[in-house]
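Peer 1: So here's structure.pdb (PDB, C-alpha atoms).
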ATOM      1  CA  MET A 254       0.000   0.000   0.000
ATOM      2  CA  ILE A 255       1.457   3.400  -1.092
ATOM      3  CA  LEU A 256       1.391   6.105   1.588
ATOM      4  CA  ASP A 257       0.288   9.617   0.547
ATOM      5  CA  LEU A 258       2.850  11.372   2.733
ATOM      6  CA  GLU A 259       1.481  14.909   2.413
ATOM      7  CA  ARG A 260      -2.079  13.890   3.187
ATOM      8  CA  PHE A 261      -0.858  11.652   5.999
ATOM      9  CA  GLN A 262       0.998  14.550   7.684
ATOM     10  CA  ILE A 263      -1.980  16.897   7.388
ATOM     11  CA  GLN A 264      -4.298  14.339   9.021
ATOM     12  CA  ALA A 265      -1.858  13.408  11.812
ATOM     13  CA  LYS A 266      -0.409  16.843  12.579
ATOM     14  CA  GLN A 267      -3.161  17.767  15.010
ATOM     15  CA  ARG A 268      -2.669  14.708  17.230
ATOM     16  CA  TRP A 269       1.113  15.094  17.124
ATOM     17  CA  ASN A 270       0.787  18.708  18.269
ATOM     18  CA  GLY A 271      -1.617  17.591  20.996
ATOM     19  CA  LEU A 272       0.865  14.992  22.209
ATOM     20  CA  GLU A 273       3.704  17.541  22.197
ATOM     21  CA  SER A 274       1.639  20.003  24.221
ATOM     22  CA  LEU A 275       0.678  17.374  26.757
ATOM     23  CA  LEU A 276       4.294  16.214  27.116
ATOM     24  CA  ALA A 277       5.559  19.773  27.526
ATOM     25  CA  MET A 278       3.023  20.347  30.301
ATOM     26  CA  LEU A 279       4.003  17.126  32.105
ATOM     27  CA  GLU A 280       7.736  17.742  31.740
ATOM     28  CA  GLY A 281       7.242  21.140  33.365
ATOM     29  CA  ARG A 282       5.918  19.523  36.535
ATOM     30  CA  PRO A 283       8.521  18.600  39.166
ATOM     31  CA  ASP A 284       6.838  15.286  40.018
ATOM     32  CA  HIS A 285       5.669  14.419  36.452
ATOM     33  CA  LYS A 286       2.432  13.085  37.945
ATOM     34  CA  LEU A 287      -0.615  12.360  35.773
ATOM     35  CA  ASN A 288      -4.232  12.619  36.749
ATOM     36  CA  PRO A 289      -6.558   9.897  35.365
ATOM     37  CA  ALA A 290      -7.805  12.038  32.453
ATOM     38  CA  GLU A 291      -4.275  13.001  31.423
ATOM     39  CA  ALA A 292      -3.085   9.404  31.669
ATOM     40  CA  GLU A 293      -5.909   8.232  29.410
ATOM     41  CA  GLN A 294      -5.246  11.012  26.901
ATOM     42  CA  LEU A 295      -1.513  10.340  26.907
ATOM     43  CA  GLN A 296      -2.054   6.612  26.378
ATOM     44  CA  GLU A 297      -4.344   7.256  23.398
ATOM     45  CA  LEU A 298      -2.051   9.816  21.736
ATOM     46  CA  TYR A 299       0.990   7.624  22.368
ATOM     47  CA  THR A 300      -0.704   4.638  20.722
ATOM     48  CA  GLN A 301      -1.638   6.715  17.682
ATOM     49  CA  ALA A 302       1.863   8.216  17.358
ATOM     50  CA  ALA A 303       3.437   4.752  17.635
ATOM     51  CA  ALA A 304       1.155   3.524  14.855
ATOM     52  CA  ASP A 305       2.116   6.535  12.730
ATOM     53  CA  LEU A 306       5.801   5.810  13.335
ATOM     54  CA  ASN A 307       5.284   2.216  12.262
ATOM     55  CA  ARG A 308       3.676   3.339   8.992
ATOM     56  CA  VAL A 309       6.538   5.728   8.215
ATOM     57  CA  THR A 310       9.208   3.190   9.152
ATOM     58  CA  HIS A 311       7.533   0.430   7.174
ATOM     59  CA  GLY A 312       7.538   2.533   4.054
ATOM     60  CA  ALA A 313      11.131   3.745   4.572
ATOM     61  CA  LEU A 314       9.958   7.272   3.719
ATOM     62  CA  ALA A 315      10.749  10.751   5.020
ATOM     63  CA  PRO A 316      13.717  10.126   7.318
ATOM     64  CA  GLU A 317      13.279  13.519   9.026
ATOM     65  CA  LEU A 318       9.645  12.763   9.805
ATOM     66  CA  ARG A 319      10.655   9.332  11.090
ATOM     67  CA  ARG A 320      13.234  10.817  13.458
ATOM     68  CA  TYR A 321      10.706  13.364  14.705
ATOM     69  CA  LEU A 322       8.173  10.635  15.460
ATOM     70  CA  GLU A 323      10.800   8.457  17.113
ATOM     71  CA  ARG A 324      11.672  11.258  19.547
ATOM     72  CA  LEU A 325       8.010  12.028  20.180
ATOM     73  CA  VAL A 326       7.123   8.387  20.859
ATOM     74  CA  ALA A 327      10.172   7.961  23.123
ATOM     75  CA  ARG A 328       9.181  10.979  25.231
ATOM     76  CA  ALA A 329       5.626   9.698  25.569
ATOM     77  CA  TYR A 330       6.860   6.228  26.515
ATOM     78  CA  ALA A 331       9.085   7.723  29.218
ATOM     79  CA  GLU A 332       6.160   9.587  30.768
ATOM     80  CA  LEU A 333       3.920   6.524  30.679
ATOM     81  CA  TYR A 334       6.267   3.761  31.816
ATOM     82  CA  TYR A 335       9.465   5.218  33.211
ATOM     83  CA  ILE A 336       9.690   6.115  36.925
ATOM     84  CA  PRO A 337      12.670   8.308  37.854
ATOM     85  CA  PRO A 338      15.182   6.561  40.161
ATOM     86  CA  ALA A 339      14.658   9.230  42.808
ATOM     87  CA  ARG A 340      11.218   7.828  43.443
ATOM     88  CA  PHE A 341      12.802   4.573  44.585
ATOM     89  CA  SER A 342      15.123   6.214  47.092
ATOM     90  CA  LEU A 343      15.772   3.802  49.938
ATOM     91  CA  TRP A 344      15.676   6.599  52.482
ATOM     92  CA  GLN A 345      12.320   8.129  51.578
ATOM     93  CA  TRP A 346      10.747   8.226  55.017
ATOM     94  CA  ARG A 347       7.202   8.321  53.674
ATOM     95  CA  ARG A 348       7.638   4.910  52.042
ATOM     96  CA  TRP A 349       8.860   3.423  55.316
ATOM     97  CA  LEU A 350       6.086   5.057  57.369
ATOM     98  CA  ARG A 351       3.487   3.665  54.971
ATOM     99  CA  ILE A 352       3.822   0.276  56.704
ATOM    100  CA  PHE A 353       2.119   1.760  59.786
ATOM    101  CA  THR A 354      -1.098   2.298  57.812
ATOM    102  CA  ALA A 355      -0.745  -0.559  55.327
ATOM    103  CA  PHE A 356      -0.458  -3.137  58.115
ATOM    104  CA  PRO A 357      -3.845  -2.510  59.804
ATOM    105  CA  GLU A 358      -5.499  -2.147  56.377
ATOM    106  CA  THR A 359      -4.168  -5.542  55.322
ATOM    107  CA  PHE A 360      -5.032  -7.040  58.709
ATOM    108  CA  ARG A 361      -8.670  -6.016  58.283
ATOM    109  CA  ARG A 362      -8.883  -7.208  54.684
ATOM    110  CA  GLN A 363      -7.698 -10.672  55.714
ATOM    111  CA  SER A 364      -9.479 -10.729  59.093
ATOM    112  CA  ARG A 365     -11.223 -14.056  58.395
ATOM    113  CA  TYR A 366      -7.865 -15.820  58.550
ATOM    114  CA  PHE A 367      -7.121 -14.080  61.852
ATOM    115  CA  ALA A 368     -10.436 -15.384  63.199
ATOM    116  CA  LEU A 369      -9.429 -18.888  62.156
ATOM    117  CA  ALA A 370      -6.088 -18.515  63.966
ATOM    118  CA  VAL A 371      -7.910 -17.325  67.103
ATOM    119  CA  LEU A 372     -10.268 -20.312  66.977
ATOM    120  CA  ILE A 373      -7.490 -22.886  66.656
ATOM    121  CA  THR A 374      -5.416 -21.279  69.414
ATOM    122  CA  ALA A 375      -8.467 -21.110  71.689
ATOM    123  CA  LEU A 376      -9.145 -24.807  71.128
ATOM    124  CA  GLY A 377      -5.545 -25.574  72.064
ATOM    125  CA  GLY A 378      -5.812 -23.357  75.141
ATOM    126  CA  ALA A 379      -8.983 -25.122  76.254
ATOM    127  CA  MET A 380      -7.355 -28.530  75.843
ATOM    128  CA  GLY A 381      -4.210 -27.510  77.725
ATOM    129  CA  GLY A 382      -6.190 -25.931  80.546
ATOM    130  CA  LEU A 383      -8.536 -28.901  80.928
ATOM    131  CA  ALA A 384      -5.643 -31.355  80.893
ATOM    132  CA  VAL A 385      -3.866 -29.558  83.748
ATOM    133  CA  ARG A 386      -7.128 -29.093  85.646
ATOM    134  CA  TYR A 387      -8.289 -32.705  85.542
ATOM    135  CA  ASP A 388      -5.125 -34.739  84.932
ATOM    136  CA  PRO A 389      -2.240 -33.867  87.299
ATOM    137  CA  ALA A 390       0.038 -36.259  85.434
ATOM    138  CA  SER A 391      -0.151 -33.999  82.379
ATOM    139  CA  VAL A 392       1.622 -31.170  84.219
ATOM    140  CA  ASP A 393       5.066 -32.716  83.782
ATOM    141  CA  LEU A 394       4.345 -33.369  80.125
ATOM    142  CA  LEU A 395       2.914 -29.974  79.191
ATOM    143  CA  LEU A 396       5.025 -27.804  81.529
ATOM    144  CA  PRO A 397       8.584 -29.124  81.486
ATOM    145  CA  ALA A 398      10.159 -25.997  83.029
ATOM    146  CA  ASP A 399      10.452 -25.845  86.833
ATOM    147  CA  TYR A 400       9.098 -22.304  87.104
ATOM    148  CA  LEU A 401       5.954 -23.412  85.255
ATOM    149  CA  ARG A 402       5.374 -26.653  87.209
ATOM    150  CA  ASP A 403       6.050 -25.042  90.585
ATOM    151  CA  PRO A 404       4.921 -21.391  90.324
ATOM    152  CA  GLY A 405       5.014 -20.860  94.100
ATOM    153  CA  LYS A 406       8.771 -21.236  94.247
ATOM    154  CA  ARG A 407       9.240 -18.837  91.382
ATOM    155  CA  VAL A 408       6.834 -16.204  92.809
ATOM    156  CA  HIS A 409       8.445 -16.215  96.271
ATOM    157  CA  ALA A 410      11.899 -15.861  94.750
ATOM    158  CA  GLU A 411      10.753 -12.934  92.585
ATOM    159  CA  GLU A 412       9.019 -11.076  95.410
ATOM    160  CA  LYS A 413      12.010 -11.503  97.716
ATOM    161  CA  GLY A 414      14.363 -10.175  95.039
ATOM    162  CA  GLU A 415      16.453 -13.346  94.909
ATOM    163  CA  ARG A 416      16.483 -13.337  91.095
ATOM    164  CA  ARG A 417      17.789  -9.793  90.672
ATOM    165  CA  HIS A 418      21.354  -9.281  89.477
ATOM    166  CA  VAL A 419      23.835  -6.468  89.866
ATOM    167  CA  ASN A 420      24.413  -6.252  86.120
ATOM    168  CA  SER A 421      20.704  -6.605  85.348
ATOM    169  CA  ALA A 422      20.759  -3.935  82.604
ATOM    170  CA  GLN A 423      23.209  -5.923  80.481
ATOM    171  CA  ILE A 424      21.366  -9.174  81.160
ATOM    172  CA  GLU A 425      18.012  -7.613  80.268
ATOM    173  CA  ALA A 426      19.391  -6.173  77.017
ATOM    174  CA  ALA A 427      20.755  -9.561  75.968
ATOM    175  CA  PHE A 428      17.532 -11.256  77.066
ATOM    176  CA  SER A 429      15.464  -8.768  75.043
ATOM    177  CA  ALA A 430      17.481  -9.402  71.871
ATOM    178  CA  LYS A 431      17.168 -13.161  72.375
ATOM    179  CA  LEU A 432      13.411 -12.926  72.899
ATOM    180  CA  ILE A 433      12.849 -10.758  69.829
ATOM    181  CA  THR A 434      14.911 -13.086  67.653
ATOM    182  CA  HIS A 435      13.234 -16.239  68.958
ATOM    183  CA  ASN A 436       9.698 -14.874  68.685
ATOM    184  CA  ILE A 437      10.227 -13.611  65.149
ATOM    185  CA  GLU A 438      11.684 -16.976  64.128
ATOM    186  CA  VAL A 439       8.668 -18.862  65.524
ATOM    187  CA  SER A 440       6.223 -16.428  63.929
ATOM    188  CA  LEU A 441       7.964 -16.612  60.562
ATOM    189  CA  LEU A 442       7.803 -20.392  60.810
ATOM    190  CA  ALA A 443       4.052 -20.248  61.449
ATOM    191  CA  ALA A 444       3.571 -17.896  58.495
ATOM    192  CA  ALA A 445       5.831 -19.932  56.192
ATOM    193  CA  LEU A 446       4.104 -23.201  57.100
ATOM    194  CA  GLY A 447       1.262 -21.943  54.971
ATOM    195  CA  VAL A 448       3.063 -23.802  52.179
ATOM    196  CA  THR A 449       1.757 -26.990  53.818
ATOM    197  CA  PHE A 450      -1.697 -25.681  52.850
ATOM    198  CA  GLY A 451      -2.127 -24.382  56.394
ATOM    199  CA  ILE A 452      -1.737 -27.719  58.185
ATOM    200  CA  GLY A 453       1.631 -26.879  59.747
ATOM    201  CA  THR A 454       0.386 -23.423  60.729
ATOM    202  CA  ALA A 455      -2.667 -24.907  62.451
ATOM    203  CA  LEU A 456      -0.568 -27.436  64.387
ATOM    204  CA  LEU A 457       1.849 -24.764  65.613
ATOM    205  CA  LEU A 458      -1.008 -22.488  66.702
ATOM    206  CA  PHE A 459      -2.694 -25.362  68.508
ATOM    207  CA  GLU A 460       0.547 -26.248  70.315
ATOM    208  CA  ASN A 461       1.024 -22.661  71.474
ATOM    209  CA  GLY A 462      -2.583 -22.592  72.643
ATOM    210  CA  VAL A 463      -2.060 -25.744  74.693
ATOM    211  CA  LEU A 464       0.968 -24.204  76.433
ATOM    212  CA  LEU A 465      -0.841 -20.924  77.155
ATOM    213  CA  GLY A 466      -3.864 -22.719  78.576
ATOM    214  CA  ALA A 467      -1.745 -25.017  80.713
ATOM    215  CA  VAL A 468       0.304 -22.135  82.175
ATOM    216  CA  ALA A 469      -2.781 -20.032  82.931
ATOM    217  CA  VAL A 470      -4.610 -22.861  84.704
ATOM    218  CA  ARG A 471      -1.513 -24.030  86.618
ATOM    219  CA  TYR A 472      -0.807 -20.577  88.051
ATOM    220  CA  ALA A 473      -4.506 -20.047  88.859
ATOM    221  CA  GLN A 474      -4.672 -23.446  90.600
ATOM    222  CA  GLN A 475      -1.775 -22.497  92.855
ATOM    223  CA  GLY A 476      -3.334 -19.120  93.719
ATOM    224  CA  PHE A 477      -0.947 -17.027  91.645
ATOM    225  CA  GLY A 478      -3.349 -15.846  88.948
ATOM    226  CA  LEU A 479      -2.640 -12.168  89.692
ATOM    227  CA  PHE A 480       1.100 -12.740  89.404
ATOM    228  CA  ALA A 481       0.649 -14.563  86.098
ATOM    229  CA  ALA A 482      -1.570 -11.814  84.674
ATOM    230  CA  ALA A 483       0.852  -9.067  85.741
ATOM    231  CA  TRP A 484       3.761 -11.097  84.358
ATOM    232  CA  LEU A 485       2.227 -12.002  80.991
ATOM    233  CA  LEU A 486      -0.045  -9.094  80.125
ATOM    234  CA  PRO A 487       2.459  -6.254  79.468
ATOM    235  CA  HIS A 488       4.265  -8.170  76.720
ATOM    236  CA  GLY A 489       1.615 -10.772  75.915
ATOM    237  CA  VAL A 490      -0.771  -8.081  74.676
ATOM    238  CA  PHE A 491       1.542  -7.759  71.677
ATOM    239  CA  GLU A 492       3.198 -11.176  71.618
ATOM    240  CA  ILE A 493       0.045 -13.315  71.489
ATOM    241  CA  PRO A 494      -1.698 -11.245  68.767
ATOM    242  CA  SER A 495       1.564 -11.346  66.796
ATOM    243  CA  MET A 496       1.490 -15.131  66.849
ATOM    244  CA  LEU A 497      -2.147 -15.062  65.759
ATOM    245  CA  ILE A 498      -1.263 -12.688  62.915
ATOM    246  CA  ALA A 499       1.516 -15.092  61.916
ATOM    247  CA  GLY A 500      -1.166 -17.775  61.740
ATOM    248  CA  GLN A 501      -3.301 -15.365  59.730
ATOM    249  CA  ALA A 502      -0.419 -14.925  57.270
ATOM    250  CA  GLY A 503       0.068 -18.703  57.084
ATOM    251  CA  PHE A 504      -3.594 -19.370  56.287
ATOM    252  CA  TYR A 505      -3.598 -16.530  53.743
ATOM    253  CA  LEU A 506      -0.564 -18.077  52.053
ATOM    254  CA  ALA A 507      -2.361 -21.425  51.984
ATOM    255  CA  ARG A 508      -5.309 -19.770  50.254
ATOM    256  CA  LEU A 509      -2.978 -18.281  47.644
ATOM    257  CA  LEU A 510      -1.527 -21.706  46.913
ATOM    258  CA  LEU A 511      -4.938 -23.351  46.681
ATOM    259  CA  ARG A 512      -6.347 -20.662  44.396
ATOM    260  CA  ARG A 513      -3.242 -19.575  42.535
ATOM    261  CA  ARG A 514      -4.795 -20.280  39.134
ATOM    262  CA  GLU A 515      -7.681 -17.945  39.925
ATOM    263  CA  ASP A 516      -5.502 -15.143  41.299
ATOM    264  CA  ARG A 517      -4.841 -12.652  38.534
ATOM    265  CA  ASP A 518      -2.462 -10.490  40.550
ATOM    266  CA  MET A 519      -0.157 -12.793  42.510
ATOM    267  CA  ARG A 520       2.357 -10.005  43.120
ATOM    268  CA  GLN A 521      -0.228  -7.890  44.909
ATOM    269  CA  SER A 522      -1.404 -10.903  46.897
ATOM    270  CA  MET A 523       2.127 -11.709  48.057
ATOM    271  CA  ARG A 524       2.600  -8.053  48.979
ATOM    272  CA  GLU A 525      -0.301  -8.483  51.399
ATOM    273  CA  TRP A 526       1.504 -11.452  52.972
ATOM    274  CA  LEU A 527       4.741  -9.495  53.317
ATOM    275  CA  VAL A 528       2.938  -6.556  54.942
ATOM    276  CA  LEU A 529       1.523  -8.898  57.582
ATOM    277  CA  ILE A 530       5.025 -10.265  58.240
ATOM    278  CA  ALA A 531       6.524  -6.771  58.553
ATOM    279  CA  GLY A 532       3.781  -5.673  60.925
ATOM    280  CA  LEU A 533       4.053  -8.643  63.267
ATOM    281  CA  ALA A 534       7.848  -8.263  63.326
ATOM    282  CA  LEU A 535       7.427  -4.691  64.623
ATOM    283  CA  MET A 536       4.922  -5.887  67.221
ATOM    284  CA  LEU A 537       7.254  -8.647  68.394
ATOM    285  CA  SER A 538      10.130  -6.189  68.719
ATOM    286  CA  TRP A 539       8.072  -4.149  71.158
ATOM    287  CA  ALA A 540       6.911  -7.296  72.966
ATOM    288  CA  GLY A 541      10.522  -8.438  73.419
ATOM    289  CA  ILE A 542      11.530  -5.087  74.888
ATOM    290  CA  MET A 543       8.589  -5.080  77.295
ATOM    291  CA  GLU A 544       9.203  -8.669  78.384
ATOM    292  CA  ALA A 545      12.853  -8.093  79.149
ATOM    293  CA  PHE A 546      12.742  -4.627  80.710
ATOM    294  CA  PHE A 547       9.274  -4.484  82.287
ATOM    295  CA  SER A 548       7.397  -7.789  82.587
ATOM    296  CA  GLN A 549      10.177  -9.491  84.566
ATOM    297  CA  HIS A 550      10.010  -6.907  87.362
ATOM    298  CA  HIS A 551       7.492  -7.775  90.063
ATOM    299  CA  GLU A 552       6.335  -6.599  93.461
ATOM    300  CA  PRO A 553       7.587  -4.889  95.486
ATOM    301  CA  GLU A 554       9.646  -3.308  92.702
ATOM    302  CA  LEU A 555       6.611  -2.795  90.431
ATOM    303  CA  PRO A 556       3.061  -3.081  91.819
ATOM    304  CA  TYR A 557       0.907  -5.638  90.062
ATOM    305  CA  ALA A 558      -1.873  -3.064  89.600
ATOM    306  CA  PHE A 559       0.501  -0.772  87.735
ATOM    307  CA  LYS A 560       1.636  -3.586  85.408
ATOM    308  CA  LEU A 561      -1.962  -4.576  84.720
ATOM    309  CA  ALA A 562      -2.828  -0.948  83.936
ATOM    310  CA  ILE A 563       0.051  -0.729  81.464
ATOM    311  CA  GLY A 564      -1.023  -3.978  79.815
ATOM    312  CA  GLY A 565      -4.622  -2.777  79.608
ATOM    313  CA  ALA A 566      -3.556   0.506  78.023
ATOM    314  CA  GLU A 567      -1.466  -1.395  75.474
ATOM    315  CA  PHE A 568      -4.445  -3.601  74.641
ATOM    316  CA  VAL A 569      -6.710  -0.600  74.038
ATOM    317  CA  LEU A 570      -4.130   1.160  71.867
ATOM    318  CA  LEU A 571      -3.434  -1.972  69.821
ATOM    319  CA  THR A 572      -7.149  -2.597  69.318
ATOM    320  CA  VAL A 573      -7.765   0.963  68.151
ATOM    321  CA  TYR A 574      -4.730   0.792  65.873
ATOM    322  CA  LEU A 575      -5.743  -2.426  64.148
ATOM    323  CA  ALA A 576      -9.416  -1.488  63.952
ATOM    324  CA  ALA A 577      -9.268   2.170  62.933
ATOM    325  CA  ILE A 578      -5.920   3.283  61.490
ATOM    326  CA  GLY A 579      -5.951   3.570  57.704
ATOM    327  CA  ARG A 580      -9.735   3.662  57.372
ATOM    328  CA  ARG A 581     -10.911   6.041  54.686
ATOM    329  CA  LYS A 582     -14.091   7.993  55.102
ATOM    330  CA  PRO A 583     -16.728   6.916  52.555
ATOM    331  CA  HIS A 584     -17.428   9.393  49.803
ATOM    332  CA  VAL A 585     -20.761  11.140  50.328
ATOM    333  CA  PRO A 586     -22.442  12.465  47.168
ATOM    334  CA  LEU A 587     -23.257  16.172  47.190
ATOM    335  CA  GLU A 588     -26.971  15.422  46.899
ATOM    336  CA  ALA A 589     -26.843  13.458  50.174
ATOM    337  CA  LYS A 590     -25.219  16.225  52.202
TER     338      LYS A 590
END
Any chance you could put this one into structure tokens?
Peer 2:
Amino acid sequence: MILDLERFQIQAKQRWNGLESLLAMLEGRPDHKLNPAEAEQLQELYTQAAADLNRVTHGALAPELRRYLERLVARAYAELYYIPPARFSLWQWRRWLRIFTAFPETFRRQSRYFALAVLITALGGAMGGLAVRYDPASVDLLLPADYLRDPGKRVHAEEKGERRHVNSAQIEAAFSAKLITHNIEVSLLAAALGVTFGIGTALLLFENGVLLGAVAVRYAQQGFGLFAAAWLLPHGVFEIPSMLIAGQAGFYLARLLLRRREDRDMRQSMREWLVLIAGLALMLSWAGIMEAFFSQHHEPELPYAFKLAIGGAEFVLLTVYLAAIGRRKPHVPLEAK
């Protein structure tokens, strides 16, 4: 097919000029950002210019016109698909702070998996508590540590100050680092066991539930329920939900594997999983600090009422954070106002 070059240029000149004007406007903006209407217009003009370039190149005509169209198409392509390296700066604080809103948003979107993790852990807790309550022989099996089997000895030693050390600050710092590392490892394991289609995640959650239930009932049986609550609550308010969120991530990963053929955006789905992991890691870091530097201090050094108040405040703040942060107000039409 022979191309009428003069007629072709007359017909296409208007859209080329429109594309040049749009590009000049965008290049004059510091952030090069497009609104939806501009993006749609740019995409349409770019497609038309690329088709025009193909027609000129195919016919091997008008080298000057071909070079002009090549530059025009390249500029449009850069605006559509190229993101300046500065936008990927590792030290952009806004990108790092985004995790603090993305985490609760993701948590709420995948809340059904959190509910499943809560259910399985609660079943384990009920079994562990009932076993200790009605089968004394199970205590040695479920609570191998001395301070769990015999809470009275541990409580008296704590309240008399026999377990305090001169270099407690250094010991607490090392203990905190060890706790954070261990808890993150266990939580990552629970989340990663989603590759077993959630079976491994469920077993790990159930095992943790059994231990929690057994400890709670054992301390309550011996009359040290207040001590146990003041000991566990300040860090457990973050540590236990973190483990449940790890289970949530594991069950979500299992769902991705089971429905991977139906998932059209696997990258976005895996981003959700990674956000859950990042969020629970931050929670466990705080839990480790609280356990090492606060939870291990008991009466008379720290009153139990004060520790319970701190734990209660943490619970309220965490609940508000997960339930409310990142929520967007629904758009109300003008007619409804």
Peer 1: Using all atoms listed in the file, find the one residue out of A:Ala455, A:Leu401, A:Leu510, A:Leu442 that sits nearest to A:Ala481.
Peer 2: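 Ranking A:Ala455, A:Leu401, A:Leu510, A:Leu442 by distance to A:Ala481, first place goes to A:Leu401.
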Peer 1: Let me make sure I understand: among A:Leu506, A:Val528, A:Leu486, A:Leu275, which one has the smallest atom-to-atom distance to A:Glu291 if we use all atoms listed in the file?
Peer 2: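 Looking only at the distances to A:Glu291, the closest residue turns out to be A:Leu275.
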Peer 1: Can you list what the PyMOL selection byres ((chain A and resi 382) around 9) grabs from this structure, as an MDAnalysis selection string?
Peer 2: chainID A and resid 377:381 383:387 463:471
Peer 1: Which residue is closest to A:His488? Choose from A:Pro316, A:Pro389, A:Gly565, A:Gly405 and count all atoms listed in the file.
Peer 2: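 Answer, going by the shortest atom-to-atom distance: A:Gly565.
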Peer 1: Would you compute, for all listed atoms of stretch 280-299 of chain A, the axis-aligned bounding box grown by 5 Å on each side, and then report its centre and edge lengths in Å rounded to one decimal, as JSON?
Peer 2:
{"center_x": 0.4, "center_y": 13.9, "center_z": 30.9, "size_x": 26.3, "size_y": 24.5, "size_z": 28.3}
Peer 1: Just give me the gap between atom CA of A:Gly541 and atom CA of A:Ile493 in Å, one decimal is fine.
Peer 2: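 Computing the Euclidean distance for atom CA of A:Gly541 and atom CA of A:Ile493 yields 11.7 Å.
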Peer 1: Which residues are near A:Leu258? Cut-off 10 Å, all atoms listed in the file, ignore same chain within fewer than 6 positions. Put them as a ChimeraX atom specification.
Peer 2: /A:264,309,314-315,318
Peer 1: Could you check how far atom CA of A:Ala445 sits from atom CA of A:Ala502, in Å to one decimal?
Peer 2: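 Taking atom CA of A:Ala445 and atom CA of A:Ala502, their separation equals 8.1 Å.
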Peer 1: I'd like the interatomic distance between atom CA of A:Phe480 and atom CA of A:Ala410, to a tenth of an Å.
Peer 2: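 Distance between the two atoms: 12.4 Å.
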Peer 1: Counting all atoms listed in the file, figure out which residue out of A:Leu527, A:Ile373, A:Leu350, A:Ala398 gets nearest to A:Thr454.
Peer 2: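 Of A:Leu527, A:Ile373, A:Leu350, A:Ala398, the one nearest A:Thr454, counting all atoms listed in the file, is A:Ile373.
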Peer 1: Find the residues around stretch 531-533 of chain A up to 8 Å (all atoms listed in the file counted), leave out those fewer than 2 positions away in its own chain, and share them as a PDB file with C-alpha atoms, in the coordinates of the input.
Peer 2:
ATOM      1  CA  ILE A 352       3.822   0.276  56.704  1.00  0.00           C
ATOM      2  CA  PHE A 353       2.119   1.760  59.786  1.00  0.00           C
ATOM      3  CA  PHE A 356      -0.458  -3.137  58.115  1.00  0.00           C
ATOM      4  CA  SER A 495       1.564 -11.346  66.796  1.00  0.00           C
ATOM      5  CA  MET A 496       1.490 -15.131  66.849  1.00  0.00           C
ATOM      6  CA  ILE A 498      -1.263 -12.688  62.915  1.00  0.00           C
ATOM      7  CA  ALA A 499       1.516 -15.092  61.916  1.00  0.00           C
ATOM      8  CA  LEU A 527       4.741  -9.495  53.317  1.00  0.00           C
ATOM      9  CA  VAL A 528       2.938  -6.556  54.942  1.00  0.00           C
ATOM     10  CA  LEU A 529       1.523  -8.898  57.582  1.00  0.00           C
ATOM     11  CA  LEU A 535       7.427  -4.691  64.623  1.00  0.00           C
ATOM     12  CA  MET A 536       4.922  -5.887  67.221  1.00  0.00           C
ATOM     13  CA  LEU A 537       7.254  -8.647  68.394  1.00  0.00           C
TER      14      LEU A 537
END
Peer 1: So which one's closest to A:Arg362, A:Phe568, A:Tyr505, A:Phe559, A:Phe450? Using all atoms listed in the file, please.
Peer 2: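 Selected residue with least distance to A:Arg362: A:Tyr505.
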Peer 1: Taking all atoms listed in the file into account, which of A:Ile433, A:Ala473, A:Ala566, A:Phe360 comes nearest A:Trp526?
Peer 2: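 Distance minimum relative to A:Trp526 lands on A:Phe360.
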